[in-house]
>>> print(open('upload-v7.pdb').read())   # PDB, C-alpha atoms, pLDDT in the B column
ATOM      1  CA  MET A 757      88.502  75.855 -73.533  1.00 54.00           C
ATOM      2  CA  SER A 758      84.900  75.617 -72.376  1.00 55.00           C
ATOM      3  CA  GLN A 759      83.946  73.682 -69.243  1.00 59.00           C
ATOM      4  CA  PRO A 760      81.255  70.953 -69.352  1.00 55.00           C
ATOM      5  CA  PRO A 761      77.923  72.038 -67.975  1.00 55.00           C
ATOM      6  CA  ALA A 762      77.334  71.413 -64.327  1.00 54.00           C
ATOM      7  CA  ASN A 763      75.475  68.248 -63.428  1.00 52.00           C
ATOM      8  CA  PRO A 764      72.021  69.403 -62.314  1.00 50.00           C
ATOM      9  CA  PHE A 765      71.687  66.282 -60.122  1.00 47.00           C
ATOM     10  CA  GLY A 766      74.897  66.821 -58.223  1.00 51.00           C
ATOM     11  CA  PRO A 767      78.234  65.156 -58.487  1.00 53.00           C
ATOM     12  CA  PRO A 768      78.286  61.703 -59.988  1.00 53.00           C
ATOM     13  CA  HIS A 769      78.106  58.801 -57.557  1.00 54.00           C
ATOM     14  CA  ASP A 770      80.690  56.136 -57.351  1.00 56.00           C
ATOM     15  CA  PRO A 771      79.573  52.823 -58.871  1.00 57.00           C
ATOM     16  CA  PRO A 772      78.199  50.346 -56.294  1.00 56.00           C
ATOM     17  CA  PRO A 773      80.746  47.874 -55.001  1.00 59.00           C
ATOM     18  CA  GLN A 774      80.697  44.474 -56.662  1.00 63.00           C
ATOM     19  CA  ARG A 775      79.296  41.682 -54.493  1.00 62.00           C
ATOM     20  CA  PRO A 776      80.298  38.083 -54.971  1.00 61.00           C
ATOM     21  CA  ALA A 777      77.665  35.894 -56.690  1.00 58.00           C
ATOM     22  CA  PRO A 778      75.661  33.810 -54.175  1.00 55.00           C
ATOM     23  CA  GLN A 779      76.762  30.220 -53.895  1.00 59.00           C
ATOM     24  CA  TYR A 780      74.003  27.522 -54.277  1.00 51.00           C
ATOM     25  CA  GLN A 781      73.574  25.585 -51.098  1.00 55.00           C
ATOM     26  CA  PRO A 782      71.487  22.400 -51.421  1.00 54.00           C
ATOM     27  CA  GLY A 783      68.745  22.088 -48.912  1.00 53.00           C
ATOM     28  CA  PRO A 784      65.126  21.012 -48.455  1.00 50.00           C
ATOM     29  CA  PRO A 785      62.685  22.263 -51.082  1.00 47.00           C
ATOM     30  CA  GLN A 786      60.836  25.361 -50.091  1.00 46.00           C
ATOM     31  CA  GLN A 787      57.048  25.295 -49.907  1.00 41.00           C
ATOM     32  CA  PRO A 788      55.154  28.199 -51.435  1.00 37.00           C
ATOM     33  CA  VAL A 789      54.052  30.701 -48.845  1.00 36.00           C
ATOM     34  CA  GLY A 790      50.801  29.650 -47.214  1.00 36.00           C
ATOM     35  CA  TRP A 791      50.962  26.004 -48.369  1.00 34.00           C
ATOM     36  CA  ALA A 792      51.472  23.215 -45.925  1.00 38.00           C
ATOM     37  CA  PRO A 793      53.175  19.917 -46.683  1.00 40.00           C
ATOM     38  CA  PRO A 794      50.800  16.971 -47.141  1.00 39.00           C
ATOM     39  CA  PRO A 795      49.853  15.207 -43.895  1.00 41.00           C
ATOM     40  CA  GLN A 796      51.400  11.801 -43.359  1.00 42.00           C
ATOM     41  CA  GLY A 797      49.540   9.128 -45.278  1.00 38.00           C
ATOM     42  CA  PHE A 798      47.922  11.421 -47.820  1.00 32.00           C
ATOM     43  CA  GLY A 799      48.516  10.752 -51.472  1.00 39.00           C
ATOM     44  CA  PRO A 800      49.976  13.131 -54.026  1.00 40.00           C
ATOM     45  CA  ALA A 801      47.917  15.960 -55.366  1.00 40.00           C
ATOM     46  CA  GLN A 802      45.639  15.227 -58.295  1.00 44.00           C
ATOM     47  CA  SER A 803      44.463  17.543 -61.017  1.00 42.00           C
ATOM     48  CA  GLY A 804      42.046  20.085 -59.598  1.00 42.00           C
ATOM     49  CA  GLN A 805      42.976  19.358 -55.968  1.00 40.00           C
ATOM     50  CA  PRO A 806      45.108  21.558 -53.664  1.00 37.00           C
ATOM     51  CA  TYR A 807      48.435  20.034 -52.823  1.00 31.00           C
ATOM     52  CA  GLY A 808      48.299  18.076 -49.623  1.00 31.00           C
ATOM     53  CA  TYR A 809      44.531  17.410 -49.682  1.00 28.00           C
ATOM     54  CA  PRO A 810      43.379  13.804 -49.416  1.00 34.00           C
ATOM     55  CA  ASN A 811      42.453  12.135 -52.684  1.00 39.00           C
ATOM     56  CA  VAL A 812      38.705  12.187 -52.262  1.00 35.00           C
ATOM     57  CA  ALA A 813      36.563  11.750 -55.337  1.00 40.00           C
ATOM     58  CA  VAL A 814      34.086  14.526 -56.015  1.00 38.00           C
ATOM     59  CA  GLY A 815      30.710  13.915 -57.582  1.00 44.00           C
ATOM     60  CA  PRO A 816      28.724  10.690 -58.000  1.00 48.00           C
ATOM     61  CA  PRO A 817      30.486   7.467 -57.062  1.00 44.00           C
ATOM     62  CA  PRO A 818      32.076   5.616 -59.980  1.00 42.00           C
ATOM     63  CA  LYS A 819      30.236   2.675 -61.396  1.00 46.00           C
ATOM     64  CA  LYS A 820      32.858   0.267 -60.156  1.00 44.00           C
ATOM     65  CA  SER A 821      32.189   1.148 -56.506  1.00 46.00           C
ATOM     66  CA  ASN A 822      28.489   0.413 -56.918  1.00 61.00           C
ATOM     67  CA  LEU A 823      29.269  -2.820 -58.698  1.00 59.00           C
ATOM     68  CA  ALA A 824      31.569  -3.871 -55.913  1.00 57.00           C
ATOM     69  CA  THR A 825      28.711  -3.463 -53.456  1.00 61.00           C
ATOM     70  CA  ILE A 826      26.341  -5.367 -55.711  1.00 62.00           C
ATOM     71  CA  VAL A 827      28.843  -8.191 -56.100  1.00 57.00           C
ATOM     72  CA  VAL A 828      29.024  -8.479 -52.309  1.00 56.00           C
ATOM     73  CA  ILE A 829      25.238  -8.622 -52.092  1.00 62.00           C
ATOM     74  CA  ALA A 830      24.911 -11.123 -54.911  1.00 61.00           C
ATOM     75  CA  LEU A 831      27.615 -13.393 -53.539  1.00 55.00           C
ATOM     76  CA  ALA A 832      25.932 -13.326 -50.144  1.00 56.00           C
ATOM     77  CA  ALA A 833      22.684 -14.374 -51.799  1.00 58.00           C
ATOM     78  CA  VAL A 834      24.421 -17.175 -53.683  1.00 55.00           C
ATOM     79  CA  LEU A 835      26.090 -18.440 -50.523  1.00 48.00           C
ATOM     80  CA  VAL A 836      22.943 -18.571 -48.462  1.00 49.00           C
ATOM     81  CA  LEU A 837      20.926 -20.082 -51.295  1.00 56.00           C
ATOM     82  CA  CYS A 838      23.506 -22.846 -51.521  1.00 49.00           C
ATOM     83  CA  VAL A 839      23.338 -23.378 -47.767  1.00 43.00           C
ATOM     84  CA  GLY A 840      19.563 -23.341 -47.938  1.00 48.00           C
ATOM     85  CA  GLY A 841      19.742 -25.759 -50.854  1.00 45.00           C
ATOM     86  CA  ALA A 842      21.573 -28.212 -48.615  1.00 41.00           C
ATOM     87  CA  ALA A 843      18.422 -28.425 -46.541  1.00 37.00           C
ATOM     88  CA  VAL A 844      16.393 -29.070 -49.663  1.00 37.00           C
ATOM     89  CA  THR A 845      16.271 -32.640 -50.903  1.00 33.00           C
ATOM     90  CA  TRP A 846      18.708 -32.869 -53.774  1.00 32.00           C
ATOM     91  CA  PHE A 847      16.650 -35.546 -55.406  1.00 31.00           C
ATOM     92  CA  VAL A 848      12.949 -36.135 -54.905  1.00 34.00           C
ATOM     93  CA  VAL A 849      11.076 -39.383 -55.338  1.00 35.00           C
ATOM     94  CA  THR A 850       7.618 -38.528 -56.595  1.00 38.00           C
ATOM     95  CA  ASP A 851       4.405 -40.434 -56.880  1.00 42.00           C
ATOM     96  CA  ASP A 852       4.267 -42.017 -60.333  1.00 42.00           C
ATOM     97  CA  LYS A 853       0.507 -41.398 -60.507  1.00 42.00           C
ATOM     98  CA  ASN A 854       1.119 -37.645 -60.537  1.00 47.00           C
ATOM     99  CA  ASP A 855       4.197 -37.599 -62.745  1.00 49.00           C
ATOM    100  CA  ALA A 856       2.428 -37.472 -66.102  1.00 42.00           C
ATOM    101  CA  GLY A 857       0.250 -34.489 -65.249  1.00 45.00           C
ATOM    102  CA  ASP A 858       3.118 -32.595 -63.632  1.00 50.00           C
ATOM    103  CA  VAL A 859       5.412 -33.144 -66.604  1.00 54.00           C
ATOM    104  CA  VAL A 860       2.750 -31.944 -69.036  1.00 51.00           C
ATOM    105  CA  GLU A 861       2.202 -28.798 -66.973  1.00 62.00           C
ATOM    106  CA  THR A 862       5.932 -28.227 -66.638  1.00 66.00           C
ATOM    107  CA  SER A 863       6.482 -28.491 -70.382  1.00 70.00           C
ATOM    108  CA  ARG A 864       4.221 -25.487 -70.897  1.00 86.00           C
ATOM    109  CA  ILE A 865       6.449 -23.226 -68.791  1.00 94.00           C
ATOM    110  CA  GLU A 866       9.610 -21.511 -69.937  1.00 95.00           C
ATOM    111  CA  VAL A 867      11.792 -18.809 -68.412  1.00 97.00           C
ATOM    112  CA  VAL A 868      13.347 -16.043 -70.490  1.00 97.00           C
ATOM    113  CA  ALA A 869      15.581 -13.000 -70.011  1.00 97.00           C
ATOM    114  CA  PRO A 870      13.957 -10.260 -72.135  1.00 96.00           C
ATOM    115  CA  ASP A 871      15.934  -7.431 -73.702  1.00 96.00           C
ATOM    116  CA  THR A 872      14.239  -4.979 -71.345  1.00 97.00           C
ATOM    117  CA  LEU A 873      12.585  -5.577 -67.991  1.00 97.00           C
ATOM    118  CA  ALA A 874       9.902  -3.177 -66.776  1.00 96.00           C
ATOM    119  CA  GLY A 875      11.458  -0.501 -68.971  1.00 96.00           C
ATOM    120  CA  ARG A 876      15.036  -1.176 -67.873  1.00 97.00           C
ATOM    121  CA  PRO A 877      17.626  -2.269 -70.443  1.00 97.00           C
ATOM    122  CA  LYS A 878      19.590  -5.447 -69.863  1.00 97.00           C
ATOM    123  CA  TYR A 879      22.955  -4.795 -68.259  1.00 94.00           C
ATOM    124  CA  THR A 880      25.586  -5.994 -70.726  1.00 91.00           C
ATOM    125  CA  GLY A 881      28.718  -5.704 -68.576  1.00 89.00           C
ATOM    126  CA  THR A 882      30.608  -8.947 -68.063  1.00 88.00           C
ATOM    127  CA  ASP A 883      31.749  -8.150 -64.515  1.00 88.00           C
ATOM    128  CA  LEU A 884      28.655  -9.768 -62.943  1.00 88.00           C
ATOM    129  CA  GLN A 885      28.302 -12.696 -65.327  1.00 88.00           C
ATOM    130  CA  GLY A 886      29.935 -15.165 -62.945  1.00 88.00           C
ATOM    131  CA  VAL A 887      27.749 -14.051 -60.057  1.00 85.00           C
ATOM    132  CA  SER A 888      24.633 -14.364 -62.196  1.00 88.00           C
ATOM    133  CA  GLU A 889      25.540 -17.914 -63.216  1.00 90.00           C
ATOM    134  CA  ALA A 890      26.308 -18.848 -59.616  1.00 86.00           C
ATOM    135  CA  THR A 891      22.889 -17.598 -58.497  1.00 86.00           C
ATOM    136  CA  VAL A 892      21.175 -19.739 -61.120  1.00 90.00           C
ATOM    137  CA  ASN A 893      23.237 -22.749 -60.054  1.00 88.00           C
ATOM    138  CA  ALA A 894      22.125 -22.213 -56.463  1.00 85.00           C
ATOM    139  CA  ILE A 895      18.469 -22.500 -57.529  1.00 89.00           C
ATOM    140  CA  ARG A 896      18.930 -25.585 -59.707  1.00 90.00           C
ATOM    141  CA  PRO A 897      18.737 -28.165 -56.873  1.00 90.00           C
ATOM    142  CA  MET A 898      15.144 -27.062 -56.233  1.00 90.00           C
ATOM    143  CA  VAL A 899      14.052 -28.125 -59.726  1.00 93.00           C
ATOM    144  CA  GLN A 900      13.925 -31.534 -61.405  1.00 93.00           C
ATOM    145  CA  ASN A 901      14.081 -32.251 -65.118  1.00 93.00           C
ATOM    146  CA  GLU A 902      15.322 -28.735 -65.877  1.00 95.00           C
ATOM    147  CA  THR A 903      13.969 -27.230 -69.072  1.00 95.00           C
ATOM    148  CA  GLY A 904      15.545 -23.786 -68.901  1.00 96.00           C
ATOM    149  CA  ALA A 905      17.446 -21.295 -66.754  1.00 97.00           C
ATOM    150  CA  VAL A 906      18.060 -17.554 -66.913  1.00 97.00           C
ATOM    151  CA  GLY A 907      20.055 -15.049 -64.913  1.00 96.00           C
ATOM    152  CA  ALA A 908      20.522 -11.377 -65.734  1.00 96.00           C
ATOM    153  CA  TYR A 909      20.761  -7.825 -64.455  1.00 96.00           C
ATOM    154  CA  TYR A 910      18.757  -4.834 -65.632  1.00 97.00           C
ATOM    155  CA  GLY A 911      19.128  -1.093 -65.214  1.00 95.00           C
ATOM    156  CA  GLU A 912      22.180   0.941 -64.311  1.00 90.00           C
ATOM    157  CA  PRO A 913      24.018   0.558 -60.990  1.00 87.00           C
ATOM    158  CA  ILE A 914      25.421   4.100 -60.981  1.00 88.00           C
ATOM    159  CA  LEU A 915      21.831   5.400 -61.117  1.00 90.00           C
ATOM    160  CA  ARG A 916      20.869   3.120 -58.223  1.00 90.00           C
ATOM    161  CA  ASP A 917      18.202   1.475 -60.343  1.00 92.00           C
ATOM    162  CA  PHE A 918      19.387  -2.106 -60.640  1.00 94.00           C
ATOM    163  CA  ILE A 919      17.569  -5.454 -60.648  1.00 96.00           C
ATOM    164  CA  GLN A 920      18.872  -8.994 -60.546  1.00 94.00           C
ATOM    165  CA  ILE A 921      16.776 -11.914 -61.741  1.00 96.00           C
ATOM    166  CA  ALA A 922      17.402 -15.635 -61.607  1.00 94.00           C
ATOM    167  CA  ALA A 923      14.947 -18.398 -62.500  1.00 96.00           C
ATOM    168  CA  VAL A 924      14.964 -22.082 -63.404  1.00 95.00           C
ATOM    169  CA  SER A 925      12.136 -24.018 -65.039  1.00 96.00           C
ATOM    170  CA  GLY A 926      11.386 -27.700 -64.665  1.00 95.00           C
ATOM    171  CA  LEU A 927       9.430 -29.980 -62.372  1.00 95.00           C
ATOM    172  CA  VAL A 928       9.026 -28.478 -58.901  1.00 95.00           C
ATOM    173  CA  VAL A 929       7.667 -30.850 -56.268  1.00 93.00           C
ATOM    174  CA  ASP A 930       5.969 -29.101 -53.330  1.00 93.00           C
ATOM    175  CA  PRO A 931       6.503 -25.478 -54.461  1.00 94.00           C
ATOM    176  CA  GLN A 932       5.465 -24.038 -51.099  1.00 92.00           C
ATOM    177  CA  LYS A 933       8.183 -26.006 -49.287  1.00 92.00           C
ATOM    178  CA  LYS A 934      10.768 -24.959 -51.845  1.00 91.00           C
ATOM    179  CA  LEU A 935       9.778 -21.343 -51.288  1.00 90.00           C
ATOM    180  CA  ASP A 936       9.981 -21.741 -47.507  1.00 88.00           C
ATOM    181  CA  ASP A 937      13.483 -23.195 -47.833  1.00 83.00           C
ATOM    182  CA  ALA A 938      14.610 -20.397 -50.155  1.00 82.00           C
ATOM    183  CA  VAL A 939      13.339 -17.704 -47.771  1.00 81.00           C
ATOM    184  CA  ARG A 940      15.121 -19.330 -44.829  1.00 79.00           C
ATOM    185  CA  GLY A 941      18.275 -19.632 -46.896  1.00 71.00           C
ATOM    186  CA  LEU A 942      18.319 -15.879 -47.574  1.00 73.00           C
ATOM    187  CA  SER A 943      18.668 -14.983 -43.885  1.00 70.00           C
ATOM    188  CA  THR A 944      22.105 -13.407 -44.506  1.00 71.00           C
ATOM    189  CA  LEU A 945      20.354 -10.671 -46.460  1.00 78.00           C
ATOM    190  CA  LYS A 946      18.543  -9.807 -43.209  1.00 82.00           C
ATOM    191  CA  LEU A 947      15.140 -10.338 -44.742  1.00 83.00           C
ATOM    192  CA  ASN A 948      12.263  -9.062 -42.677  1.00 86.00           C
ATOM    193  CA  ASP A 949       8.557  -8.502 -43.127  1.00 86.00           C
ATOM    194  CA  MET A 950       8.475 -11.438 -45.552  1.00 90.00           C
ATOM    195  CA  ALA A 951       4.859 -11.961 -46.477  1.00 92.00           C
ATOM    196  CA  ALA A 952       2.777 -13.657 -49.115  1.00 94.00           C
ATOM    197  CA  THR A 953       2.076 -11.415 -52.070  1.00 95.00           C
ATOM    198  CA  GLU A 954      -0.147 -11.610 -55.122  1.00 94.00           C
ATOM    199  CA  PRO A 955       1.542 -14.070 -57.506  1.00 95.00           C
ATOM    200  CA  GLY A 956      -0.393 -12.800 -60.505  1.00 93.00           C
ATOM    201  CA  PRO A 957      -2.058 -14.857 -63.258  1.00 92.00           C
ATOM    202  CA  LEU A 958       0.789 -17.405 -63.283  1.00 92.00           C
ATOM    203  CA  GLY A 959      -0.274 -18.666 -59.869  1.00 93.00           C
ATOM    204  CA  GLY A 960       1.903 -20.557 -57.417  1.00 94.00           C
ATOM    205  CA  ASP A 961       3.291 -19.019 -54.237  1.00 95.00           C
ATOM    206  CA  ALA A 962       5.125 -15.701 -53.926  1.00 97.00           C
ATOM    207  CA  ARG A 963       6.739 -13.855 -51.023  1.00 95.00           C
ATOM    208  CA  CYS A 964       8.250 -10.395 -50.769  1.00 96.00           C
ATOM    209  CA  GLY A 965      10.152  -8.595 -48.050  1.00 94.00           C
ATOM    210  CA  ASN A 966      12.795  -6.061 -47.157  1.00 94.00           C
ATOM    211  CA  GLY A 967      16.450  -6.958 -47.149  1.00 91.00           C
ATOM    212  CA  TRP A 968      19.659  -5.219 -46.197  1.00 88.00           C
ATOM    213  CA  ALA A 969      23.223  -6.002 -47.238  1.00 81.00           C
ATOM    214  CA  ASP A 970      26.445  -4.007 -47.192  1.00 81.00           C
ATOM    215  CA  GLY A 971      24.535  -0.832 -46.363  1.00 85.00           C
ATOM    216  CA  VAL A 972      22.153  -1.166 -49.304  1.00 88.00           C
ATOM    217  CA  PRO A 973      18.369  -1.621 -48.932  1.00 92.00           C
ATOM    218  CA  LEU A 974      16.868  -4.409 -51.002  1.00 93.00           C
ATOM    219  CA  GLY A 975      13.381  -5.281 -52.155  1.00 95.00           C
ATOM    220  CA  VAL A 976      13.271  -9.072 -52.574  1.00 94.00           C
ATOM    221  CA  CYS A 977      10.546 -11.251 -54.102  1.00 95.00           C
ATOM    222  CA  LEU A 978      10.600 -14.998 -54.731  1.00 95.00           C
ATOM    223  CA  TRP A 979       8.152 -17.318 -56.393  1.00 96.00           C
ATOM    224  CA  ALA A 980       7.678 -21.028 -56.861  1.00 96.00           C
ATOM    225  CA  ASP A 981       5.095 -22.968 -58.816  1.00 96.00           C
ATOM    226  CA  GLY A 982       4.870 -26.441 -60.318  1.00 94.00           C
ATOM    227  CA  GLY A 983       7.171 -25.493 -63.182  1.00 95.00           C
ATOM    228  CA  SER A 984       9.640 -22.846 -61.984  1.00 96.00           C
ATOM    229  CA  VAL A 985      11.446 -21.189 -59.099  1.00 95.00           C
ATOM    230  CA  GLY A 986      12.704 -17.616 -59.330  1.00 94.00           C
ATOM    231  CA  VAL A 987      13.994 -14.640 -57.382  1.00 94.00           C
ATOM    232  CA  VAL A 988      14.011 -10.912 -58.114  1.00 96.00           C
ATOM    233  CA  VAL A 989      16.261  -8.553 -56.128  1.00 94.00           C
ATOM    234  CA  MET A 990      15.708  -4.836 -56.541  1.00 95.00           C
ATOM    235  CA  HIS A 991      18.703  -2.875 -55.222  1.00 94.00           C
ATOM    236  CA  TYR A 992      18.166   0.434 -53.403  1.00 93.00           C
ATOM    237  CA  ARG A 993      14.417  -0.213 -53.180  1.00 94.00           C
ATOM    238  CA  SER A 994      11.931  -1.346 -50.544  1.00 95.00           C
ATOM    239  CA  ALA A 995       9.686  -4.407 -50.521  1.00 95.00           C
ATOM    240  CA  GLU A 996       6.723  -2.154 -51.218  1.00 95.00           C
ATOM    241  CA  GLN A 997       8.381  -0.797 -54.351  1.00 96.00           C
ATOM    242  CA  MET A 998       9.374  -4.305 -55.413  1.00 96.00           C
ATOM    243  CA  MET A 999       5.853  -5.652 -54.897  1.00 96.00           C
ATOM    244  CA  ALA A1000       4.426  -2.883 -57.069  1.00 96.00           C
ATOM    245  CA  GLU A1001       6.386  -4.257 -60.034  1.00 97.00           C
ATOM    246  CA  PHE A1002       6.627  -7.928 -59.157  1.00 97.00           C
ATOM    247  CA  VAL A1003       3.675  -9.330 -61.108  1.00 97.00           C
ATOM    248  CA  GLY A1004       4.703  -7.489 -64.269  1.00 97.00           C
ATOM    249  CA  ILE A1005       8.350  -8.501 -63.900  1.00 97.00           C
ATOM    250  CA  ARG A1006       7.515 -12.143 -63.261  1.00 97.00           C
ATOM    251  CA  GLY A1007       5.215 -12.131 -66.283  1.00 96.00           C
ATOM    252  CA  GLN A1008       8.132 -11.066 -68.469  1.00 97.00           C
ATOM    253  CA  ILE A1009      10.432 -13.790 -67.080  1.00 97.00           C
ATOM    254  CA  GLU A1010       8.080 -16.777 -66.763  1.00 97.00           C
ATOM    255  CA  GLN A1011       5.902 -17.551 -69.743  1.00 93.00           C
ATOM    256  CA  ARG A1012       3.376 -20.309 -70.457  1.00 87.00           C
ATOM    257  CA  SER A1013       2.382 -21.650 -73.818  1.00 78.00           C
TER
END
>>> encode(input="upload-v7.pdb", output="structure tokens")
Amino acid sequence: MSQPPANPFGPPHDPPPQRPAPQYQPGPPQQPVGWAPPPQGFGPAQSGQPYGYPNVAVGPPPKKSNLATIVVIALAAVLVLCVGGAAVTWFVVTDDKNDAGDVVETSRIEVVAPDTLAGRPKYTGTDLQGVSEATVNAIRPMVQNETGAVGAYYGEPILRDFIQIAAVSGLVVDPQKKLDDAVRGLSTLKLNDMAATEPGPLGGDARCGNGWADGVPLGVCLWADGGSVGVVVMHYRSAEQMMAEFVGIRGQIEQRS
């Protein structure tokens, strides 16, 4: 009987001994090699962020953050206007001899909120509606026999091109004093370099200056004439930039028949 051929690789090896299957032992989760656990106080990882990194937004700030800043600024303006309004006579006794002429002049003036302002579209969000109304209400005590009132925002806050307007029309006795009171009332906005500026063809008195609130520069202009009082706040701009557009902006808000 023939023998099987010799194994060219040598004698066969014994099979490896059987080892018992490992038993699962619960314990703390293992971190991938090279990854550190998140520092105390950091939030969970978000999409696109390494685990353990703080949740810091990348890119331009969201609109809401800009709006929050603007709300702070606007509320500060409303507050100080109200305080300033307390120093203004809430009712004014005028000379009857001048009443007729003043009323006729006042009736020719109206204030409007156009669809666009100096090329900027009207801001249609409702988040600032209450602030806008409060600003208008703060101006109202400066005007008698109100014939109209407007308050609006224009531009886009996320682009840092944003303007607030507020104006009330009616009989304004001693416009220069009303303007002085309004400027003093806006001290919380840290106004400086307030100076008379060209009011434009509508006449009256106008002042412009630099403001600062919540880390945001402001260009602020106010006006007062015999038939209206108004304020324009240009966020993220200087007084010089505001003055360059003031006459045109006022001419779109205040109109005379």
>>> atom_distance(input="upload-v7.pdb", atom1="CA of Ile914 (chain A)", atom2="CA of Thr891 (chain A)")
22.0 Å
>>> resolve_selection(input="upload-v7.pdb", expression="the PyMOL selection byres ((chain A and resi 933-936) around 12)", output="JSON, numbers by chain")
{"A": [837, 840, 841, 842, 843, 844, 845, 846, 848, 895, 896, 897, 898, 899, 927, 928, 929, 930, 931, 932, 937, 938, 939, 940, 941, 942, 943, 950, 951, 952, 960, 961, 962, 963, 964, 977, 978, 979, 980, 981, 982, 983, 984, 985, 986, 987]}
>>> resolve_selection(input="upload-v7.pdb", expression="the PyMOL selection byres ((chain A and resi 917-920) around 10)", output="ChimeraX atom specification")
/A:826,830,873,876-879,888,891,907-916,921-922,974-976,987-993,998
>>> atom_distance(input="upload-v7.pdb", atom1="CA of Thr953 (chain A)", atom2="CA of Glu1010 (chain A)")
16.8 Å
>>> atom_distance(input="upload-v7.pdb", atom1="CA of Ser1013 (chain A)", atom2="CA of Ile865 (chain A)")
6.7 Å
>>> closest_residue(input="upload-v7.pdb", among="A:Asp871, A:Glu866, A:Asp883, A:Glu889", to="Gly904 (chain A)", atoms="all atoms listed in the file")
A:Glu866
>>> closest_residue(input="upload-v7.pdb", among="A:Ala969, A:Thr872, A:Arg1006, A:Glu996", to="Pro955 (chain A)", atoms="all atoms listed in the file")
A:Arg1006
>>> closest_residue(input="upload-v7.pdb", among="A:Val892, A:Val867, A:Val887, A:Val906", to="Gln1008 (chain A)", atoms="all atoms listed in the file")
A:Val867
>>> residues_around(input="upload-v7.pdb", residues="Glu902 (chain A)", least_positions_apart="2", cutoff="6 Å", atoms="all atoms listed in the file", output="list in words")
Gln900, Gly904, Ser925 and Gly926 of chain A
>>> resolve_selection(input="upload-v7.pdb", expression="the PyMOL selection byres ((chain A and resi 966) around 6)", output="list of chain:residue names")
A:Leu947, A:Asn948, A:Gly965, A:Gly967, A:Leu974, A:Gly975, A:Ser994, A:Ala995
>>> closest_residue(input="upload-v7.pdb", among="A:Gln1011, A:Thr882, A:Thr944, A:Thr903", to="Ser863 (chain A)", atoms="all atoms listed in the file")
A:Thr903
